[in-house]
Amino acid sequence: MADDAAVSAADIARLAGVRRAAVSNWRRRHDDFPKPVGGTASSPLFSLPEVQAWLRGRGRPFELAPIDEAWQRLRALGDDLDLGARLASVGEYLADDAAGPDDPQLLALISQLASDEGAAETFEQLCDRFFEAHARRLSTTPTAYADLMVRLTGAKGATVLDPACGFGSLLLAAAATRARGQDVDPDTARIAAIRLRLHGADTEVHASDALRADAFAGRLADVVLCDPPFNERGWGHEELVGDARWEYGLPPRGESELAWVQHCLAHVKPGGAVAVLMPGAAAGRRSGKRIRANLLRAGALRAVCTLAPGTDLWLLTRPEPEQRAPATVLIADTTAENVEQVWQAFLADPDTGERIIDMLDDDVDLTPSGRPGKSDSGEAFLAAQRIFGQIGIELPKLELASGEAAHTTVGELVKAGALRITHAPPRTADGDEPVLTTDDVLIGGPPTGHAAADPAAVFAHDGDVVASVTGAVIVHSGAPVRLGPALSRYRVDPELLDAQFLAGCLRAADFPVHSASTRIDARRLKVPRHPLETQRAYGVAFRALADFDRALRQTAEIGRDLVRLGFAALAEGRLKPGGG
């Protein structure tokens with residue numbers, strides 16, 4: 001093992017057999033815990049030998065598994081900026097017996113692992129560690145979403161194209177016989193191609209921008225799957241004005257997602273299926289209404305289904321010549337777990353969908369949430385409340401309201417002086433000042449990040465609302481705390497707006513959870529109009545729900561640790577079955 005091997009907090013947690021929160025606690029509570037030797041304030045790196053020595057001194061020694069030893073040697077060969085290229089080099093060594101990195105001991109480890117576990121599994125394990133090390137910077141399609149998209153389109157074993165393939169997650173899920181992919185980043189494209197080849201696919205992956213430099217122009221696939229980047233302003237609007245792919249209309253400058261949708265349709269065979277992950281806002285933005293209307297009229301758009309707040313799945317098909325356009329479309333406010341059932345029910349009886357002619361109004365709003373005749377969230381909550389009550393778990397007491405409240409928007413609240421929004425700087429430098437991270441906001445914990453002092457830093461004070469781009473929201477209490485990247489401060493005028501009420505409304509809104517680099521368009525979010533006293537009552541209910549959520553998370557963590565300890569103690573003979 002190289003003496004300069006460095007590990008992240010996630011690496012330490014995995015190797016020591018603890019949760020990442022435990023590593024954060026060690027750093028806070030023990031002054032002698034090893035100091036960072038690299039990385040960033042939000043993702044520091046530590047010397048592996050120093051960490052091993054520190055843990056050994058506390059009775060927690062660990063030995064590196066061969067795959068971890070290989071990973072640490074690979075990481076120690078250079079800085080993390082070139083880690084993707086080095087990983088790709090190892091993959092090419094495994095796939096083609098190419099030269100590989102210039103480290104004989106690393107290559108010996110890799111060769112032995114490939115002999116023991118197979119080349120594909122060895123590379124997948126290295127990729128998993130790479131994704132974990134860059135979790136804040138990389139966006140990979142969740143496995144559940146990938147598997148769902150494959151099932152809904154019948155992509156298994158077909159010729160499948162992913163024009164924004166990233167590391168190849170969708171193509172791997174499809175087990176494509178012929179996998180075709182494209183990604184703008186050369187190292188990412190190399191890794192995707194290697195993963196697919198090692199899994200036996202006929203692979204063709206190109207490293208270029210699919211919208212600006214279409215590597216598959218004029219070629220059609222059986223199925224197209226795509227998880228495109230969201231909210232790209234510089235996607236090529238000016239240079240692609242007359243492009244033949246815009247069969248349903250020129251995508252507006254701010255609607256890059258509609259460019260990806262049409263690119264996908266242009267590359268699938270007539271009658272072929274397309275599945276695209278989309279931000280929730282794309283279903284209702286006025287700038288895209290003409291394209292949405294044309295997709296509906298042609299029968300190309302077959303479903304818009306919510307998978308999670310801020311993330312929708314669009315299912316499309318390329319119309320066949322002379323085929324009559326369908327009369328209905330599925331618009332479903334559901335969850336990833338229920339989409340397949342809802343889709344199959346719609347296919348069995350298309351009349352259960354919404355009439356397309358009714359959708360072609362001035363807005364062509366296809367947003368699934370809040371549609372008339374759809375499931376009522378209030379009734380659903382009360383039904384769940386009754387079930388929880390039967391097993392002795394008490395949820396906050398809520399009751400049905402009569403009618404719906406009038407709404408304003410966050411932007412109007414800002415104009416009225418009830419609210420000021422400040423975004424934290426997008427980057428920080430290494431340092432020792434405590435910084436609140438997006439993970440801290442999610443779990444409601446103290447700051448675990450660190451950064452150098454910065455005059456442009458944004459601090460949350462007691463009573464400020466803090467929101468992350470992933471939809472986590474808290475009302476800060478106590479001493480001022482510095483906000484890290486991807487966090488925003490919402491400072492209310494307490495004579496006009498209740499902080500807990502605002503926090504609840506923000507949390508209920510459709511935040512873009514798909515990518516941690518996406519900024520919330522907060523000013524468009526709707527907020528019910530209520531007098532201040534009513535806001536405070538709602539704020540108490542919102543806070544009770546947030547406390548309940550936090551308690552559930554903590555209970556789940558304790559439960560997982562309990563199960564892990566039970567298995568380990570039984571297997572080691574430290575516990576035995578008790579009487580009865």
# chains A, B, ... in the order shown; residues from 1 in each chain; ligands from 1
$ residues_around --residues "A:Pro426" --least-positions-apart "3" --cutoff "8 Å" --atoms "only C-alpha atoms" --output "compact mmCIF listing (two decimals) with all heavy atoms, in the first residue's frame"
# COMPACT_ATOMS: atom_id res chain seq x y z
N GLY A 484 -22.86 26.40 3.38
CA GLY A 484 -22.00 25.89 2.33
C GLY A 484 -22.65 25.98 0.97
O GLY A 484 -23.79 26.45 0.82
N PRO A 485 -21.94 25.54 -0.08
CA PRO A 485 -22.48 25.57 -1.45
C PRO A 485 -23.81 24.83 -1.54
O PRO A 485 -24.06 23.87 -0.80
CB PRO A 485 -21.39 24.86 -2.27
CG PRO A 485 -20.14 25.05 -1.48
CD PRO A 485 -20.55 25.02 -0.03
N ALA A 486 -24.67 25.29 -2.45
CA ALA A 486 -25.98 24.68 -2.72
C ALA A 486 -26.99 24.92 -1.61
O ALA A 486 -28.02 24.26 -1.55
CB ALA A 486 -25.84 23.19 -3.00
$ select_by_dssp --residues "stretch 11-228 of chain A" --states "alpha helix (DSSP H)" --output "PyMOL selection string"
chain A and resi 11-16+20-29+48-56+66-76+83-96+104-117+119-133+143-153+169-173+186-198
$ residues_around --residues "stretch 190-197 of chain A" --least-positions-apart "6" --cutoff "9 Å" --atoms "only C-alpha atoms" --output "MDAnalysis selection string"
chainID A and resid 84:85 87:89 91:92 94:95 120 123:124 127 165:169 171:172 175:176 179 181 183 203:207
$ closest_atom_pairs --of "stretch 405-463 of chain A" --to "stretch 549-567 of chain A" --cutoff "12 Å" --atoms "only C-alpha atoms" --output "Markdown table"
| residue | atom | partner | partner_atom | distance |
| --- | --- | --- | --- | --- |
| A:Val441 | CA | A:Arg550 | CA | 11.1 |
| A:Leu442 | CA | A:Arg550 | CA | 9.1 |
| A:Ile443 | CA | A:Arg550 | CA | 7.0 |
| A:Gly444 | CA | A:Arg550 | CA | 7.6 |
| A:Gly445 | CA | A:Arg550 | CA | 10.2 |
$ select_by_dssp --residues "stretch 130-328 of chain A" --states "strand (DSSP E or B)" --output "VMD selection string"
chain A and resid 159 to 162 178 to 183 202 to 207 221 to 226 268 to 279 301 to 308 311 to 317 328
$ residues_around --residues "stretch 234-237 of chain A" --least-positions-apart "5" --cutoff "12 Å" --atoms "only C-alpha atoms" --output "list in words"
Val184, Asp209, Ala210, Leu211, Arg212, Ala213, Pro228, Pro229, Gly242, Asp243, Trp246, Leu250, Pro251, Pro252, Arg253, Gly254, Glu255, Ser256, Glu257, Leu258, Ala259 and Trp260 of chain A
$ write_last_selection --atoms "C-alpha atoms" --output "JSON list (two decimals), in the first residue's frame"
[["chain", "number", "residue", "atom", "x", "y", "z"],
["A", 184, "VAL", "CA", -19.63, 14.96, -23.50],
["A", 209, "ASP", "CA", -22.01, 16.61, -27.06],
["A", 210, "ALA", "CA", -25.02, 14.76, -28.50],
["A", 211, "LEU", "CA", -26.99, 17.94, -29.23],
["A", 212, "ARG", "CA", -24.14, 19.83, -30.93],
["A", 213, "ALA", "CA", -22.25, 16.88, -32.43],
["A", 228, "PRO", "CA", -30.23, 14.34, -19.56],
["A", 229, "PRO", "CA", -28.66, 17.28, -17.73],
["A", 242, "GLY", "CA", -32.67, 24.95, -38.26],
["A", 243, "ASP", "CA", -31.88, 21.44, -37.03],
["A", 246, "TRP", "CA", -36.91, 19.88, -34.01],
["A", 250, "LEU", "CA", -37.60, 24.89, -31.88],
["A", 251, "PRO", "CA", -36.79, 24.41, -28.18],
["A", 252, "PRO", "CA", -36.65, 27.76, -26.34],
["A", 253, "ARG", "CA", -33.29, 28.79, -24.94],
["A", 254, "GLY", "CA", -34.35, 27.84, -21.41],
["A", 255, "GLU", "CA", -35.88, 24.50, -22.39],
["A", 256, "SER", "CA", -32.88, 22.27, -23.01],
["A", 257, "GLU", "CA", -34.90, 19.28, -21.78],
["A", 258, "LEU", "CA", -37.31, 19.64, -24.72],
["A", 259, "ALA", "CA", -34.30, 19.55, -27.04],
["A", 260, "TRP", "CA", -33.28, 16.23, -25.48]]
$ residues_around --residues "stretch 351-362 of chain A" --least-positions-apart "6" --cutoff "7 Å" --atoms "only C-alpha atoms" --output "JSON, numbers by chain"
{"A": [293, 296, 327, 328, 329, 330, 331]}
$ residues_around --residues "A:Glu322" --least-positions-apart "4" --cutoff "12 Å" --atoms "only C-alpha atoms" --output "NGL selection string"
:A and (270-271 or 298-299)
$ residues_around --residues "A:Met278" --least-positions-apart "2" --cutoff "8 Å" --atoms "only C-alpha atoms" --output "ChimeraX atom specification"
/A:227-228,230,257,276,280,282,311-314
$ write_last_selection --atoms "N, CA, C and O atoms" --output "PDB file, in the first residue's frame"
ATOM      1  N   ASP A 227     -31.312  10.207 -19.372  1.00  0.00           N
ATOM      2  CA  ASP A 227     -31.347  10.985 -18.126  1.00  0.00           C
ATOM      3  C   ASP A 227     -30.487  12.221 -18.386  1.00  0.00           C
ATOM      4  O   ASP A 227     -29.324  12.278 -17.992  1.00  0.00           O
ATOM      5  N   PRO A 228     -31.050  13.229 -19.081  1.00  0.00           N
ATOM      6  CA  PRO A 228     -30.232  14.342 -19.558  1.00  0.00           C
ATOM      7  C   PRO A 228     -29.908  15.338 -18.456  1.00  0.00           C
ATOM      8  O   PRO A 228     -30.555  15.343 -17.397  1.00  0.00           O
ATOM      9  N   PHE A 230     -30.154  18.776 -16.538  1.00  0.00           N
ATOM     10  CA  PHE A 230     -31.281  19.694 -16.393  1.00  0.00           C
ATOM     11  C   PHE A 230     -30.808  21.152 -16.459  1.00  0.00           C
ATOM     12  O   PHE A 230     -29.703  21.485 -16.051  1.00  0.00           O
ATOM     13  N   GLU A 257     -34.318  20.617 -21.932  1.00  0.00           N
ATOM     14  CA  GLU A 257     -34.896  19.282 -21.779  1.00  0.00           C
ATOM     15  C   GLU A 257     -35.781  18.913 -22.975  1.00  0.00           C
ATOM     16  O   GLU A 257     -35.839  17.752 -23.389  1.00  0.00           O
ATOM     17  N   VAL A 276     -37.591   9.334 -20.804  1.00  0.00           N
ATOM     18  CA  VAL A 276     -36.691  10.432 -20.471  1.00  0.00           C
ATOM     19  C   VAL A 276     -37.036  10.947 -19.076  1.00  0.00           C
ATOM     20  O   VAL A 276     -38.207  11.245 -18.793  1.00  0.00           O
ATOM     21  N   GLY A 280     -39.615  18.466 -12.960  1.00  0.00           N
ATOM     22  CA  GLY A 280     -41.055  18.674 -12.858  1.00  0.00           C
ATOM     23  C   GLY A 280     -41.521  19.931 -13.563  1.00  0.00           C
ATOM     24  O   GLY A 280     -42.617  19.973 -14.134  1.00  0.00           O
ATOM     25  N   ALA A 282     -40.669  21.184 -16.337  1.00  0.00           N
ATOM     26  CA  ALA A 282     -40.777  21.084 -17.796  1.00  0.00           C
ATOM     27  C   ALA A 282     -42.190  20.767 -18.254  1.00  0.00           C
ATOM     28  O   ALA A 282     -42.552  21.011 -19.403  1.00  0.00           O
ATOM     29  N   THR A 311     -39.060  15.487 -10.018  1.00  0.00           N
ATOM     30  CA  THR A 311     -38.568  14.584 -11.060  1.00  0.00           C
ATOM     31  C   THR A 311     -39.731  13.812 -11.668  1.00  0.00           C
ATOM     32  O   THR A 311     -40.439  13.093 -10.965  1.00  0.00           O
ATOM     33  N   ASP A 312     -39.908  13.977 -12.978  1.00  0.00           N
ATOM     34  CA  ASP A 312     -40.957  13.267 -13.715  1.00  0.00           C
ATOM     35  C   ASP A 312     -40.319  12.309 -14.713  1.00  0.00           C
ATOM     36  O   ASP A 312     -39.171  12.493 -15.136  1.00  0.00           O
ATOM     37  N   LEU A 313     -41.089  11.307 -15.099  1.00  0.00           N
ATOM     38  CA  LEU A 313     -40.700  10.402 -16.177  1.00  0.00           C
ATOM     39  C   LEU A 313     -41.650  10.638 -17.343  1.00  0.00           C
ATOM     40  O   LEU A 313     -42.866  10.531 -17.182  1.00  0.00           O
ATOM     41  N   TRP A 314     -41.086  10.989 -18.505  1.00  0.00           N
ATOM     42  CA  TRP A 314     -41.877  11.133 -19.728  1.00  0.00           C
ATOM     43  C   TRP A 314     -41.710   9.864 -20.558  1.00  0.00           C
ATOM     44  O   TRP A 314     -40.581   9.449 -20.852  1.00  0.00           O
TER      45      TRP A 314
END
$ closest_atom_pairs --of "stretch 431-471 of chain A" --to "stretch 9-20 of chain A" --cutoff "12 Å" --atoms "only C-alpha atoms" --output "JSON lines"
{"residue": "A:Asp439", "atom": "CA", "partner": "A:Arg20", "partner_atom": "CA", "distance": 10.9}
{"residue": "A:Asp440", "atom": "CA", "partner": "A:Arg20", "partner_atom": "CA", "distance": 11.8}
{"residue": "A:Thr448", "atom": "CA", "partner": "A:Arg20", "partner_atom": "CA", "distance": 10.9}
{"residue": "A:Gly449", "atom": "CA", "partner": "A:Ala9", "partner_atom": "CA", "distance": 11.3}
$ write_last_selection --atoms "N, CA, C and O atoms" --output "PDB file, in the first residue's frame"
ATOM      1  N   ASP A 439     -25.945  17.828   3.456  1.00  0.00           N
ATOM      2  CA  ASP A 439     -26.223  16.641   4.268  1.00  0.00           C
ATOM      3  C   ASP A 439     -26.624  17.032   5.681  1.00  0.00           C
ATOM      4  O   ASP A 439     -27.498  16.400   6.291  1.00  0.00           O
ATOM      5  N   ASP A 440     -25.978  18.074   6.224  1.00  0.00           N
ATOM      6  CA  ASP A 440     -26.322  18.530   7.575  1.00  0.00           C
ATOM      7  C   ASP A 440     -27.768  19.011   7.622  1.00  0.00           C
ATOM      8  O   ASP A 440     -28.490  18.757   8.593  1.00  0.00           O
ATOM      9  N   THR A 448     -20.768  20.052   9.536  1.00  0.00           N
ATOM     10  CA  THR A 448     -19.669  19.089   9.453  1.00  0.00           C
ATOM     11  C   THR A 448     -18.639  19.479   8.407  1.00  0.00           C
ATOM     12  O   THR A 448     -17.577  18.881   8.331  1.00  0.00           O
ATOM     13  N   GLY A 449     -18.956  20.488   7.571  1.00  0.00           N
ATOM     14  CA  GLY A 449     -17.999  20.941   6.571  1.00  0.00           C
ATOM     15  C   GLY A 449     -17.034  21.958   7.158  1.00  0.00           C
ATOM     16  O   GLY A 449     -17.237  22.475   8.259  1.00  0.00           O
TER      17      GLY A 449
END
$ atom_distance --atom1 "atom CA of A:Gln344" --atom2 "atom CA of A:Ala201"
29.1 Å
$ closest_residue --among "A:Gly154, A:Gly100, A:Pro528, A:Gly272" --to "A:Ala173" --atoms "only C-alpha atoms"
A:Gly154
